[in-house]
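Text of final.csv, listed as CSV, C-alpha atoms:
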```
chain,number,residue,atom,x,y,z
A,1210,MET,CA,77.7,14.3,-14.6
A,1211,GLY,CA,75.8,12.9,-11.7
A,1212,LYS,CA,72.2,13.6,-10.7
A,1213,ILE,CA,71.9,17.1,-12.1
A,1214,ASP,CA,69.7,18.1,-15.0
A,1215,GLU,CA,72.4,18.0,-17.7
A,1216,GLN,CA,70.5,20.1,-20.3
A,1217,ALA,CA,69.8,22.9,-17.7
A,1218,PHE,CA,73.5,22.7,-16.7
A,1219,SER,CA,74.7,22.9,-20.3
A,1220,ASP,CA,72.3,25.8,-21.0
A,1221,GLN,CA,73.5,27.7,-17.8
A,1222,LEU,CA,77.2,27.1,-18.7
A,1223,ALA,CA,76.6,28.3,-22.3
A,1224,SER,CA,74.9,31.5,-21.0
A,1225,TYR,CA,77.9,32.2,-18.8
A,1226,LEU,CA,80.4,31.5,-21.6
A,1227,GLY,CA,78.3,33.9,-23.7
A,1228,TYR,CA,80.3,35.4,-26.5
A,1229,ARG,CA,82.9,32.6,-26.4
A,1230,LYS,CA,81.2,30.2,-28.8
A,1231,ASP,CA,84.6,28.8,-29.8
A,1232,PHE,CA,85.4,27.7,-26.2
A,1233,TYR,CA,84.0,24.9,-24.2
A,1234,PRO,CA,85.8,23.3,-21.2
A,1235,VAL,CA,85.9,19.8,-22.6
A,1236,VAL,CA,88.7,18.5,-20.3
A,1237,LEU,CA,87.0,19.8,-17.2
A,1238,GLU,CA,83.7,18.3,-18.3
A,1239,MET,CA,85.3,14.9,-18.9
A,1240,ARG,CA,87.9,14.6,-16.2
A,1241,PHE,CA,86.8,17.1,-13.5
A,1242,PRO,CA,83.0,17.4,-13.8
A,1243,HIS,CA,82.8,18.3,-10.1
A,1244,VAL,CA,84.9,21.3,-10.6
A,1245,LEU,CA,82.9,22.5,-13.6
A,1246,GLN,CA,79.6,21.9,-11.7
A,1247,ARG,CA,81.0,24.0,-8.8
A,1248,LEU,CA,82.1,26.8,-11.2
A,1249,VAL,CA,78.6,27.0,-12.6
A,1250,ALA,CA,77.0,26.9,-9.1
A,1251,LEU,CA,79.3,29.7,-7.8
A,1252,TRP,CA,79.3,31.9,-10.9
A,1253,GLU,CA,77.0,34.6,-9.6
A,1254,THR,CA,78.1,34.4,-6.0
A,1255,ASP,CA,80.8,36.1,-3.9
A,1256,GLY,CA,82.6,32.7,-3.7
A,1257,MET,CA,83.5,32.5,-7.4
A,1258,GLU,CA,86.7,34.5,-7.3
A,1259,THR,CA,87.9,32.7,-4.2
A,1260,PHE,CA,87.2,29.3,-5.8
A,1261,LEU,CA,88.9,30.3,-9.1
A,1262,ARG,CA,91.9,31.5,-7.1
A,1263,SER,CA,92.1,28.2,-5.2
A,1264,LEU,CA,92.1,26.3,-8.5
A,1265,THR,CA,95.1,28.2,-9.8
A,1266,LEU,CA,97.2,28.6,-6.7
A,1267,PRO,CA,100.1,26.2,-6.2
A,1268,GLN,CA,98.9,23.0,-4.5
A,1269,SER,CA,100.1,21.7,-1.1
A,1270,SER,CA,102.8,19.1,-1.1
A,1271,GLY,CA,101.6,15.7,-2.3
A,1272,ASN,CA,99.0,17.2,-4.6
A,1273,GLN,CA,100.1,17.9,-8.2
A,1274,GLY,CA,97.3,20.2,-9.2
A,1275,PHE,CA,95.7,20.1,-12.6
A,1276,PRO,CA,97.2,18.9,-15.8
A,1277,ALA,CA,98.2,21.6,-18.3
A,1278,ASP,CA,95.1,21.2,-20.5
A,1279,ALA,CA,92.7,21.5,-17.5
A,1280,LEU,CA,94.6,24.4,-16.1
A,1281,ALA,CA,94.4,26.2,-19.5
A,1282,GLU,CA,90.6,25.8,-19.5
A,1283,ILE,CA,90.4,27.1,-15.9
A,1284,LEU,CA,92.5,30.1,-16.8
A,1285,GLU,CA,90.2,30.7,-19.9
A,1286,ILE,CA,87.1,30.5,-17.6
A,1287,LYS,CA,88.8,33.0,-15.3
A,1288,LYS,CA,89.2,35.4,-18.2
A,1289,VAL,CA,85.6,34.9,-19.3
A,1290,TYR,CA,84.4,35.4,-15.7
A,1291,ALA,CA,86.4,38.6,-15.4
A,1292,ASP,CA,84.7,39.9,-18.6
A,1293,TRP,CA,81.3,38.8,-17.3
A,1294,ARG,CA,81.8,40.7,-14.0
A,1295,GLN,CA,82.9,43.7,-15.9
A,1296,SER,CA,79.7,43.6,-18.0
A,1297,GLN,CA,77.7,43.3,-14.8
A,1298,ILE,CA,79.4,46.5,-13.4
A,1299,LYS,CA,78.7,48.4,-16.6
A,1300,LEU,CA,75.1,47.2,-16.5
A,1301,THR,CA,74.8,48.5,-13.0
A,1302,GLU,CA,76.4,51.8,-13.8
A,1303,THR,CA,74.3,52.5,-16.9
A,1304,SER,CA,70.9,51.0,-15.9
A,1305,PRO,CA,68.3,53.4,-14.5
A,1306,PHE,CA,67.6,50.4,-12.2
A,1307,GLY,CA,71.2,50.1,-11.1
A,1308,HIS,CA,70.2,50.6,-7.5
A,1309,LEU,CA,68.3,47.3,-7.7
A,1310,PHE,CA,71.5,45.3,-8.6
A,1311,ASP,CA,74.1,44.0,-6.2
A,1312,LEU,CA,76.2,47.1,-5.6
A,1313,ASP,CA,79.0,45.0,-4.0
A,1314,LEU,CA,80.5,44.8,-7.5
A,1315,LEU,CA,81.1,48.5,-7.4
A,1316,SER,CA,82.4,48.8,-3.8
A,1317,ALA,CA,85.8,47.2,-4.3
A,1318,ASN,CA,88.5,49.4,-3.0
A,1319,GLU,CA,91.5,50.4,-5.2
A,1320,ASP,CA,93.7,47.7,-3.5
A,1321,ASP,CA,91.2,45.0,-4.5
A,1322,LYS,CA,91.1,46.3,-8.1
A,1323,ALA,CA,94.9,46.3,-8.3
A,1324,SER,CA,95.0,42.8,-6.9
A,1325,ASN,CA,92.4,41.5,-9.3
A,1326,ASN,CA,94.3,43.1,-12.3
A,1327,GLU,CA,97.5,41.6,-11.0
A,1328,ALA,CA,95.9,38.2,-10.7
A,1329,LEU,CA,94.5,38.4,-14.2
A,1330,THR,CA,97.9,39.4,-15.6
A,1331,ASP,CA,99.5,36.5,-13.8
A,1332,SER,CA,96.8,34.2,-15.2
A,1333,THR,CA,97.4,35.4,-18.7
A,1334,ILE,CA,101.1,34.8,-18.4
A,1335,LEU,CA,100.5,31.3,-17.1
A,1336,LEU,CA,98.1,30.6,-19.9
A,1337,GLU,CA,100.6,31.7,-22.4
A,1338,LYS,CA,103.3,29.4,-20.9
A,1339,VAL,CA,100.8,26.5,-20.9
A,1340,SER,CA,100.0,27.2,-24.5
A,1341,ALA,CA,103.7,27.3,-25.4
A,1342,LEU,CA,104.3,24.0,-23.6
A,1343,ARG,CA,101.4,22.4,-25.5
A,1344,ARG,CA,102.8,23.6,-28.8
A,1345,GLY,CA,106.2,22.1,-27.8
A,1346,LEU,CA,108.1,25.4,-27.7
```
Taking this structure as input, can you express it in the form of structure tokens?
Amino acid sequence: MGKIDEQAFSDQLASYLGYRKDFYPVVLEMRFPHVLQRLVALWETDGMETFLRSLTLPQSSGNQGFPADALAEILEIKKVYADWRQSQIKLTETSPFGHLFDLDLLSANEDDKASNNEALTDSTILLEKVSALRRGL
């Protein structure tokens, strides 16, 4: 995976995947390690959602995008990230030290929330279609 500390990288990725012990993005690790590295690097930043969206949007002409198995992993990471963000919001809301956390997570307006919910629904539908294709349905 290049000149990074692979153990530290694996530990960080595992901490982000958290409760999903049954999931590991093997295809991304093997075929698109630069994407996986960027996901881990951006996880706790404002750029993560934009990067995830860029990975799942239709590609420009001449670029075919990701194969179905890689896209399925990206969509699963997108769901895990949405859960992680939600847990961070709950932590901020319930912690007596909530004022010390990044309150930008709580400042999204209703349009942003609706857009995020819509994107997650679209991602779920796309993931179901990819899964159906992989099963040969």
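Using only C-alpha atoms, the nearest neighbour of A:Ala1281 within the list A:Gly1256, A:Pro1234, A:Pro1242, A:Pro1267 is A:Pro1234.
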Can you list, as a PyMOL selection string, every protein, DNA or RNA residue that comes within 12 Å of A:Leu1245 when you count only C-alpha atoms, leaving out same-chain residues fewer than 4 positions away?
chain A and resi 1210+1218-1219+1221-1222+1233-1241+1249-1252+1257+1260-1261+1264+1279+1282-1283+1286
Do you have the atom CA of A:Val1289-atom CA of A:Arg1262 distance handy?
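Between atom CA of A:Val1289 and atom CA of A:Arg1262 the gap is 14.1 Å.
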As an exercise, work out the distance from atom CA of A:Arg1229 to atom CA of A:Ala1217 in Å and give it to one decimal place.
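Atom CA of A:Ala1217 lies at a distance of 18.5 Å from atom CA of A:Arg1229.
Pairwise distance (atom CA of A:Gln1295, atom CA of A:His1243) equals 26.1 Å.
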Closest to A:Ser1263 among A:Leu1284, A:Ile1298, A:Asp1231, A:Leu1226, using only C-alpha atoms?
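For A:Ser1263, the nearest of the given residues is A:Leu1284.
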